[in-house]
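Trainee: input00.txt is reproduced in full below (compact mmCIF, C-alpha atoms).
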```txt
# COMPACT_ATOMS: atom_id res chain seq x y z
CA MET L 1 -41.88 -46.39 15.46
CA THR L 2 -42.51 -45.98 11.72
CA ASN L 3 -45.80 -44.51 10.62
CA ASP L 4 -46.65 -47.45 8.34
CA LYS L 5 -47.17 -49.51 11.50
CA ILE L 6 -49.67 -47.07 13.02
CA LYS L 7 -53.21 -48.46 13.04
CA LEU L 8 -56.37 -46.46 13.57
CA ALA L 9 -59.26 -47.92 15.54
CA PRO L 10 -62.35 -45.67 15.45
CA SER L 11 -64.41 -46.04 18.62
CA ILE L 12 -68.12 -46.40 17.95
CA LEU L 13 -68.87 -44.85 21.35
CA ALA L 14 -68.83 -41.52 19.50
CA ALA L 15 -70.86 -42.72 16.50
CA ASP L 16 -74.47 -41.87 15.71
CA PHE L 17 -76.22 -45.04 16.86
CA ALA L 18 -79.19 -44.36 14.62
CA ARG L 19 -76.78 -44.78 11.68
CA LEU L 20 -74.20 -47.09 13.27
CA GLY L 21 -73.84 -49.61 10.45
CA GLU L 22 -73.60 -46.86 7.87
CA GLN L 23 -70.94 -45.02 9.86
CA VAL L 24 -68.85 -48.14 10.43
CA ILE L 25 -68.95 -48.87 6.69
CA ALA L 26 -67.84 -45.27 6.07
CA ALA L 27 -64.94 -45.71 8.49
CA GLU L 28 -63.91 -48.93 6.74
CA ARG L 29 -63.98 -47.25 3.34
CA ALA L 30 -61.97 -44.33 4.73
CA GLY L 31 -59.12 -46.63 5.76
CA ALA L 32 -59.79 -47.60 9.37
CA ASP L 33 -57.75 -50.62 10.43
CA ARG L 34 -60.22 -52.00 12.99
CA ILE L 35 -63.33 -51.01 14.92
CA HIS L 36 -63.16 -50.40 18.66
CA VAL L 37 -66.27 -51.37 20.62
CA ASP L 38 -66.60 -49.93 24.13
CA VAL L 39 -68.75 -52.08 26.40
CA MET L 40 -69.72 -50.46 29.73
CA ASP L 41 -71.92 -51.87 32.47
CA GLY L 42 -72.60 -48.95 34.80
CA HIS L 43 -70.64 -50.69 37.58
CA PHE L 44 -66.98 -50.92 36.55
CA VAL L 45 -67.40 -47.49 34.95
CA PRO L 46 -70.14 -44.90 35.60
CA ASN L 47 -71.87 -45.34 32.25
CA ILE L 48 -73.83 -47.93 30.28
CA SER L 49 -73.16 -48.43 26.58
CA ILE L 50 -73.79 -51.51 24.44
CA GLY L 51 -73.61 -55.29 24.46
CA VAL L 52 -73.45 -58.49 22.46
CA PRO L 53 -76.29 -57.71 19.97
CA VAL L 54 -74.48 -54.62 18.68
CA VAL L 55 -71.25 -56.56 18.10
CA LYS L 56 -73.20 -59.25 16.27
CA SER L 57 -74.86 -56.61 14.08
CA LEU L 58 -71.54 -54.96 13.26
CA ARG L 59 -69.99 -58.30 12.33
CA ALA L 60 -72.56 -58.51 9.53
CA VAL L 61 -71.65 -55.15 7.98
CA THR L 62 -67.85 -54.93 8.18
CA ALA L 63 -64.88 -57.12 7.35
CA LEU L 64 -62.65 -55.11 9.70
CA PRO L 65 -61.41 -56.72 12.91
CA LEU L 66 -63.65 -55.93 15.86
CA GLU L 67 -61.90 -55.31 19.17
CA THR L 68 -64.23 -55.36 22.16
CA HIS L 69 -63.11 -53.33 25.16
CA LEU L 70 -64.82 -54.82 28.21
CA MET L 71 -65.15 -52.09 30.84
CA ILE L 72 -67.33 -54.38 32.93
CA GLU L 73 -67.35 -56.32 36.18
CA ASN L 74 -66.92 -60.09 35.92
CA PRO L 75 -65.84 -60.13 32.25
CA ASP L 76 -65.36 -63.90 32.40
CA CYS L 77 -69.15 -64.30 32.38
CA PHE L 78 -69.39 -62.64 28.97
CA LEU L 79 -66.26 -63.77 27.10
CA ASP L 80 -67.96 -66.63 25.26
CA ALA L 81 -70.90 -64.50 24.19
CA PHE L 82 -68.73 -61.74 22.79
CA ALA L 83 -66.46 -64.26 21.08
CA GLN L 84 -69.45 -65.93 19.44
CA SER L 85 -70.89 -62.57 18.39
CA GLY L 86 -67.90 -61.89 16.16
CA SER L 87 -65.28 -60.12 18.28
CA ASP L 88 -61.72 -60.72 17.09
CA THR L 89 -59.96 -59.27 20.13
CA LEU L 90 -61.24 -59.17 23.70
CA ILE L 91 -59.69 -56.51 25.94
CA VAL L 92 -60.13 -56.79 29.71
CA HIS L 93 -58.99 -54.47 32.48
CA TRP L 94 -56.30 -55.31 34.99
CA GLU L 95 -58.27 -53.40 37.63
CA GLY L 96 -60.77 -55.47 39.53
CA ASN L 97 -60.14 -58.72 37.68
CA ALA L 98 -60.27 -61.65 40.10
CA ASN L 99 -57.90 -63.90 38.16
CA LEU L 100 -56.40 -62.17 35.17
CA HIS L 101 -54.28 -65.07 33.96
CA ARG L 102 -57.31 -67.36 33.87
CA THR L 103 -59.27 -64.71 31.98
CA ILE L 104 -56.52 -64.38 29.36
CA GLN L 105 -56.35 -68.17 29.03
CA HIS L 106 -60.11 -68.26 28.48
CA ILE L 107 -59.89 -65.67 25.70
CA LYS L 108 -57.14 -67.65 24.00
CA SER L 109 -59.09 -70.90 24.39
CA VAL L 110 -61.94 -69.53 22.27
CA GLY L 111 -59.52 -68.53 19.52
CA LYS L 112 -59.45 -64.79 20.10
CA LYS L 113 -56.65 -62.28 20.62
CA ALA L 114 -56.27 -61.15 24.21
CA GLY L 115 -55.72 -57.58 25.33
CA ILE L 116 -55.10 -56.09 28.76
CA ALA L 117 -56.05 -52.50 29.61
CA ILE L 118 -54.76 -50.32 32.44
CA ASN L 119 -56.26 -47.08 33.74
CA PRO L 120 -54.36 -43.77 34.03
CA ALA L 121 -53.56 -44.25 37.75
CA THR L 122 -52.44 -47.88 37.33
CA PRO L 123 -48.64 -48.30 37.12
CA ALA L 124 -47.05 -50.11 34.20
CA ASP L 125 -45.35 -52.68 36.41
CA VAL L 126 -48.63 -54.53 37.02
CA LEU L 127 -48.13 -55.91 33.50
CA THR L 128 -44.88 -57.71 34.34
CA GLU L 129 -46.32 -61.17 35.00
CA ILE L 130 -49.10 -61.17 32.37
CA LEU L 131 -47.27 -59.48 29.48
CA PRO L 132 -45.93 -62.70 27.85
CA ASN L 133 -49.50 -64.01 27.54
CA VAL L 134 -51.21 -61.11 25.76
CA ASP L 135 -51.40 -59.81 22.19
CA LEU L 136 -52.18 -56.18 23.01
CA VAL L 137 -51.76 -53.68 25.84
CA LEU L 138 -54.17 -50.77 26.04
CA VAL L 139 -53.01 -47.76 28.05
CA MET L 140 -56.00 -45.59 28.88
CA THR L 141 -55.21 -41.92 28.30
CA VAL L 142 -58.45 -40.83 29.98
CA ASN L 143 -60.37 -42.35 32.87
CA PRO L 144 -62.71 -44.89 31.30
CA GLY L 145 -66.44 -44.39 31.14
CA PHE L 146 -67.14 -41.46 28.85
CA GLY L 147 -66.18 -40.25 25.39
CA GLY L 148 -65.06 -36.74 24.59
CA GLN L 149 -62.60 -36.38 27.46
CA SER L 150 -59.25 -34.59 27.27
CA PHE L 151 -56.03 -36.56 26.83
CA ILE L 152 -54.14 -37.01 30.12
CA HIS L 153 -50.58 -36.01 29.27
CA GLU L 154 -49.23 -37.58 32.45
CA THR L 155 -49.80 -41.00 30.85
CA LEU L 156 -47.06 -40.42 28.26
CA PRO L 157 -44.17 -41.64 30.47
CA LYS L 158 -46.15 -44.80 31.19
CA ILE L 159 -46.67 -45.41 27.47
CA ARG L 160 -42.90 -45.16 27.01
CA THR L 161 -42.35 -47.58 29.90
CA VAL L 162 -44.82 -50.11 28.49
CA ARG L 163 -43.14 -49.87 25.06
CA GLU L 164 -39.79 -50.65 26.68
CA MET L 165 -41.31 -53.61 28.53
CA ILE L 166 -42.83 -54.95 25.30
CA GLN L 167 -39.53 -54.64 23.44
CA ARG L 168 -37.80 -56.66 26.16
CA VAL L 169 -40.44 -59.36 26.58
CA LYS L 170 -42.41 -59.83 23.36
CA PRO L 171 -41.89 -57.22 20.63
CA GLY L 172 -44.92 -58.34 18.64
CA ILE L 173 -47.39 -57.09 21.26
CA GLU L 174 -49.41 -54.12 20.06
CA LEU L 175 -49.48 -50.98 22.22
CA GLU L 176 -52.76 -49.12 22.00
CA ILE L 177 -53.90 -45.83 23.52
CA ASP L 178 -57.49 -44.77 24.09
CA GLY L 179 -58.91 -41.46 25.22
CA GLY L 180 -58.65 -37.91 23.91
CA VAL L 181 -56.77 -39.04 20.81
CA ASP L 182 -56.93 -36.52 17.95
CA ALA L 183 -54.63 -34.87 15.44
CA THR L 184 -52.87 -32.99 18.24
CA THR L 185 -52.37 -35.79 20.77
CA ALA L 186 -51.92 -38.75 18.40
CA PRO L 187 -48.30 -37.78 17.51
CA LEU L 188 -47.47 -37.60 21.22
CA GLY L 189 -48.75 -41.12 21.77
CA VAL L 190 -46.93 -42.46 18.74
CA LYS L 191 -43.69 -40.80 19.79
CA ALA L 192 -44.07 -42.45 23.21
CA GLY L 193 -44.41 -45.85 21.55
CA ALA L 194 -48.07 -46.50 20.71
CA ASN L 195 -48.81 -48.18 17.39
CA VAL L 196 -52.61 -48.44 17.64
CA LEU L 197 -54.73 -45.32 18.16
CA VAL L 198 -58.33 -45.43 19.35
CA ALA L 199 -60.22 -42.28 18.39
CA GLY L 200 -63.92 -41.59 18.84
CA SER L 201 -64.98 -37.96 18.76
CA ALA L 202 -62.05 -37.01 16.51
CA VAL L 203 -63.39 -39.42 13.86
CA PHE L 204 -67.16 -39.69 14.20
CA GLY L 205 -67.52 -36.12 15.47
CA HIS L 206 -65.18 -34.47 12.98
CA PRO L 207 -66.88 -31.48 11.33
CA GLY L 208 -65.64 -32.63 7.93
CA GLY L 209 -66.98 -36.14 8.36
CA ILE L 210 -65.55 -39.56 9.17
CA ALA L 211 -63.07 -39.73 6.28
CA ALA L 212 -61.72 -36.28 7.12
CA GLY L 213 -61.36 -37.26 10.78
CA LEU L 214 -59.33 -40.36 9.97
CA ALA L 215 -57.25 -38.46 7.41
CA SER L 216 -56.39 -35.73 9.90
CA ILE L 217 -55.01 -38.23 12.39
CA ARG L 218 -53.09 -40.17 9.72
CA LYS L 219 -51.54 -36.96 8.46
CA ALA L 220 -50.60 -35.91 11.99
CA VAL L 221 -48.65 -39.12 12.67
CA GLU L 222 -46.79 -39.17 9.37
```
Show how you would write the structure in this file as structure tokens.
Mentor:
Amino acid sequence: MTNDKIKLAPSILAADFARLGEQVIAAERAGADRIHVDVMDGHFVPNISIGVPVVKSLRAVTALPLETHLMIENPDCFLDAFAQSGSDTLIVHWEGNANLHRTIQHIKSVGKKAGIAINPATPADVLTEILPNVDLVLVMTVNPGFGGQSFIHETLPKIRTVREMIQRVKPGIELEIDGGVDATTAPLGVKAGANVLVAGSAVFGHPGGIAAGLASIRKAVE
């Protein structure tokens, strides 16, 4: 995995929501490749975050791709709304999805890229049947629901396994990791095969500011 293929996706979950537009613009200017939007409903995960209006507002202030990570029950009910709000990629979880193939087809039918996420305790082999249909696989490196958690190192073998699966089935699929990603853990994920890194606290909470946070991760994976 060459470092020129590594993409950084700052997660706005860690941003200052009173200055959200300003901080997203700062991330774009600092070289972010996309913006990661964590949507939580208080049911699928034990937290509530944001919804369609925030995505719509962000679409007006940034030209970066917006990837919307739907940590929600019944995502099918909200796919059209998030697509219309300006999301470029819709990521749904394997866990608890009633008919994953239909959900992925729906995402594709509205002209968006489709991603599938799996939690730390979910084995890689659940991806076998759906992998040819997706554009991105997100391996959670923390249990979803809260920012600021520590990277679960036991997920590294699974990242390697998913990379091997992708190379066999559809090499163009992106492999993303999310959770506890910073200048220390990012190189571990990249070495295991990830080429997209979601980072929240390490970017928006960096003591040197957003640009310094992004730069520290880029430097670490070079």
Trainee: If you take every atom of range 148-165 of chain L that the file lists and fit an axis-aligned box around them with 4 Å extra on each side, what centre and edge lengths come out in Å to one decimal, as lines of an AutoDock Vina configuration file?
Mentor:
```
center_x = -52.4
center_y = -44.1
center_z = 28.5
size_x = 33.3
size_y = 27.0
size_z = 15.9
```
Trainee: Return the single residue from L:Lys7, L:Arg19, L:Arg102, L:Arg160 that is closest to Gly31 in chain L, with distances computed using all atoms listed in the file.
Mentor: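 Checking each of L:Lys7, L:Arg19, L:Arg102, L:Arg160 against Gly31 in chain L, counting all atoms listed in the file, the winner is L:Lys7.
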Trainee: So that I can check the surroundings of Ala194 in chain L, please list as a list in words every protein, DNA and RNA residue that reaches within 6 Å of it, counting all atoms listed in the file and ignoring chain neighbours fewer than 3 positions away.
Mentor: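 Within the cut-off, the hits are Leu175, Glu176, Gly189 and Val190 of chain L.
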Trainee: Residues as selected, C-alpha atoms, written as a PDB file, keeping the file's coordinate frame, can you do that?
Mentor:
```
ATOM      1  CA  LEU L 175     -49.480 -50.980  22.220  1.00  0.00           C
ATOM      2  CA  GLU L 176     -52.760 -49.120  22.000  1.00  0.00           C
ATOM      3  CA  GLY L 189     -48.750 -41.120  21.770  1.00  0.00           C
ATOM      4  CA  VAL L 190     -46.930 -42.460  18.740  1.00  0.00           C
TER       5      VAL L 190
END
```
Trainee: Calculate how many Å separate CA of Ala220 in chain L from CA of Ala186 in chain L, rounding to one decimal.
Mentor: 7.1 Å
Trainee: Find the residues near Val37 in chain L: any atom within 9 Å, counting all atoms listed in the file, skip ones fewer than 5 places away on the same chain, and give them as a list in words.
Mentor: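 In the requested form, the answer reads Pro10, Ser11, Ile12, Leu13, Ile50, Val55, Leu66, Glu67, Thr68, His69 and Leu70 of chain L.
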Trainee: Can you measure CA of Thr161 in chain L to CA of Val142 in chain L for me? One decimal in Å is fine.
Mentor: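 Computed distance, CA of Thr161 in chain L to CA of Val142 in chain L, equals 17.5 Å.
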Trainee: Go through L:Ser201, L:Thr103, L:Asn195, L:Thr141 and flag the residue nearest Asp178 in chain L, using only C-alpha atoms for the distances.
Mentor: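 Closest to Asp178 in chain L of all the choices is L:Thr141.
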Trainee: Quick one: residues within 12 Å of Asp80 in chain L, all atoms listed in the file counted, chain neighbours fewer than 3 positions away excluded, as a list in words?
Mentor: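 Once the nearby chain positions are removed, what remains is Val52, Pro75, Asp76, Cys77, Ala83, Gln84, Ser85, Gly86, Ser87, Asp88, Leu90, Thr103, His106, Ile107, Lys108, Ser109, Val110, Gly111 and Lys112 of chain L.
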Trainee: As a PyMOL selection string, please: the residues near Leu214 in chain L (cut-off 9 Å, only C-alpha atoms, same-chain neighbours under 2 positions excluded).
Mentor: chain L and resi 8+10+27+30-32+199+202-204+206+209-212+216-219
Trainee: For the selection you just gave me, I'd like the residues written to a file as a PDB file, keeping the file's coordinate frame, keeping C-alpha atoms.
Mentor:
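Printed below is selection-v7.pdb as written:
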```pdb
ATOM      1  CA  LEU L   8     -56.370 -46.460  13.570  1.00  0.00           C
ATOM      2  CA  PRO L  10     -62.350 -45.670  15.450  1.00  0.00           C
ATOM      3  CA  ALA L  27     -64.940 -45.710   8.490  1.00  0.00           C
ATOM      4  CA  ALA L  30     -61.970 -44.330   4.730  1.00  0.00           C
ATOM      5  CA  GLY L  31     -59.120 -46.630   5.760  1.00  0.00           C
ATOM      6  CA  ALA L  32     -59.790 -47.600   9.370  1.00  0.00           C
ATOM      7  CA  ALA L 199     -60.220 -42.280  18.390  1.00  0.00           C
ATOM      8  CA  ALA L 202     -62.050 -37.010  16.510  1.00  0.00           C
ATOM      9  CA  VAL L 203     -63.390 -39.420  13.860  1.00  0.00           C
ATOM     10  CA  PHE L 204     -67.160 -39.690  14.200  1.00  0.00           C
ATOM     11  CA  HIS L 206     -65.180 -34.470  12.980  1.00  0.00           C
ATOM     12  CA  GLY L 209     -66.980 -36.140   8.360  1.00  0.00           C
ATOM     13  CA  ILE L 210     -65.550 -39.560   9.170  1.00  0.00           C
ATOM     14  CA  ALA L 211     -63.070 -39.730   6.280  1.00  0.00           C
ATOM     15  CA  ALA L 212     -61.720 -36.280   7.120  1.00  0.00           C
ATOM     16  CA  SER L 216     -56.390 -35.730   9.900  1.00  0.00           C
ATOM     17  CA  ILE L 217     -55.010 -38.230  12.390  1.00  0.00           C
ATOM     18  CA  ARG L 218     -53.090 -40.170   9.720  1.00  0.00           C
ATOM     19  CA  LYS L 219     -51.540 -36.960   8.460  1.00  0.00           C
TER      20      LYS L 219
END
```
Trainee: In Å, how far is it from CA of Pro187 in chain L to CA of Val221 in chain L?
Mentor: 5.0 Å
Trainee: Please provide as JSON, numbers by chain all residues within 9 Å of Asp41 in chain L, with the sequence filter that same-chain residues fewer than 2 positions apart are discarded (counting all atoms listed in the file).
Mentor: {"L": [39, 43, 44, 45, 46, 47, 48, 49, 50, 51, 70, 71, 72, 73]}
Trainee: In terms of the shortest atom-to-atom distance over all atoms listed in the file, which of L:Asn99, L:Ala114, L:Phe151, L:Gly205 is closest to Ala15 in chain L?
Mentor: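 That would be L:Gly205, the residue with the smallest distance to Ala15 in chain L.
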Trainee: Using only C-alpha atoms, find the one residue out of L:Val61, L:Ile104, L:Leu197, L:Ile35 that sits nearest to Val134 in chain L.
Mentor: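 Closest residue, counting only C-alpha atoms: L:Ile104.
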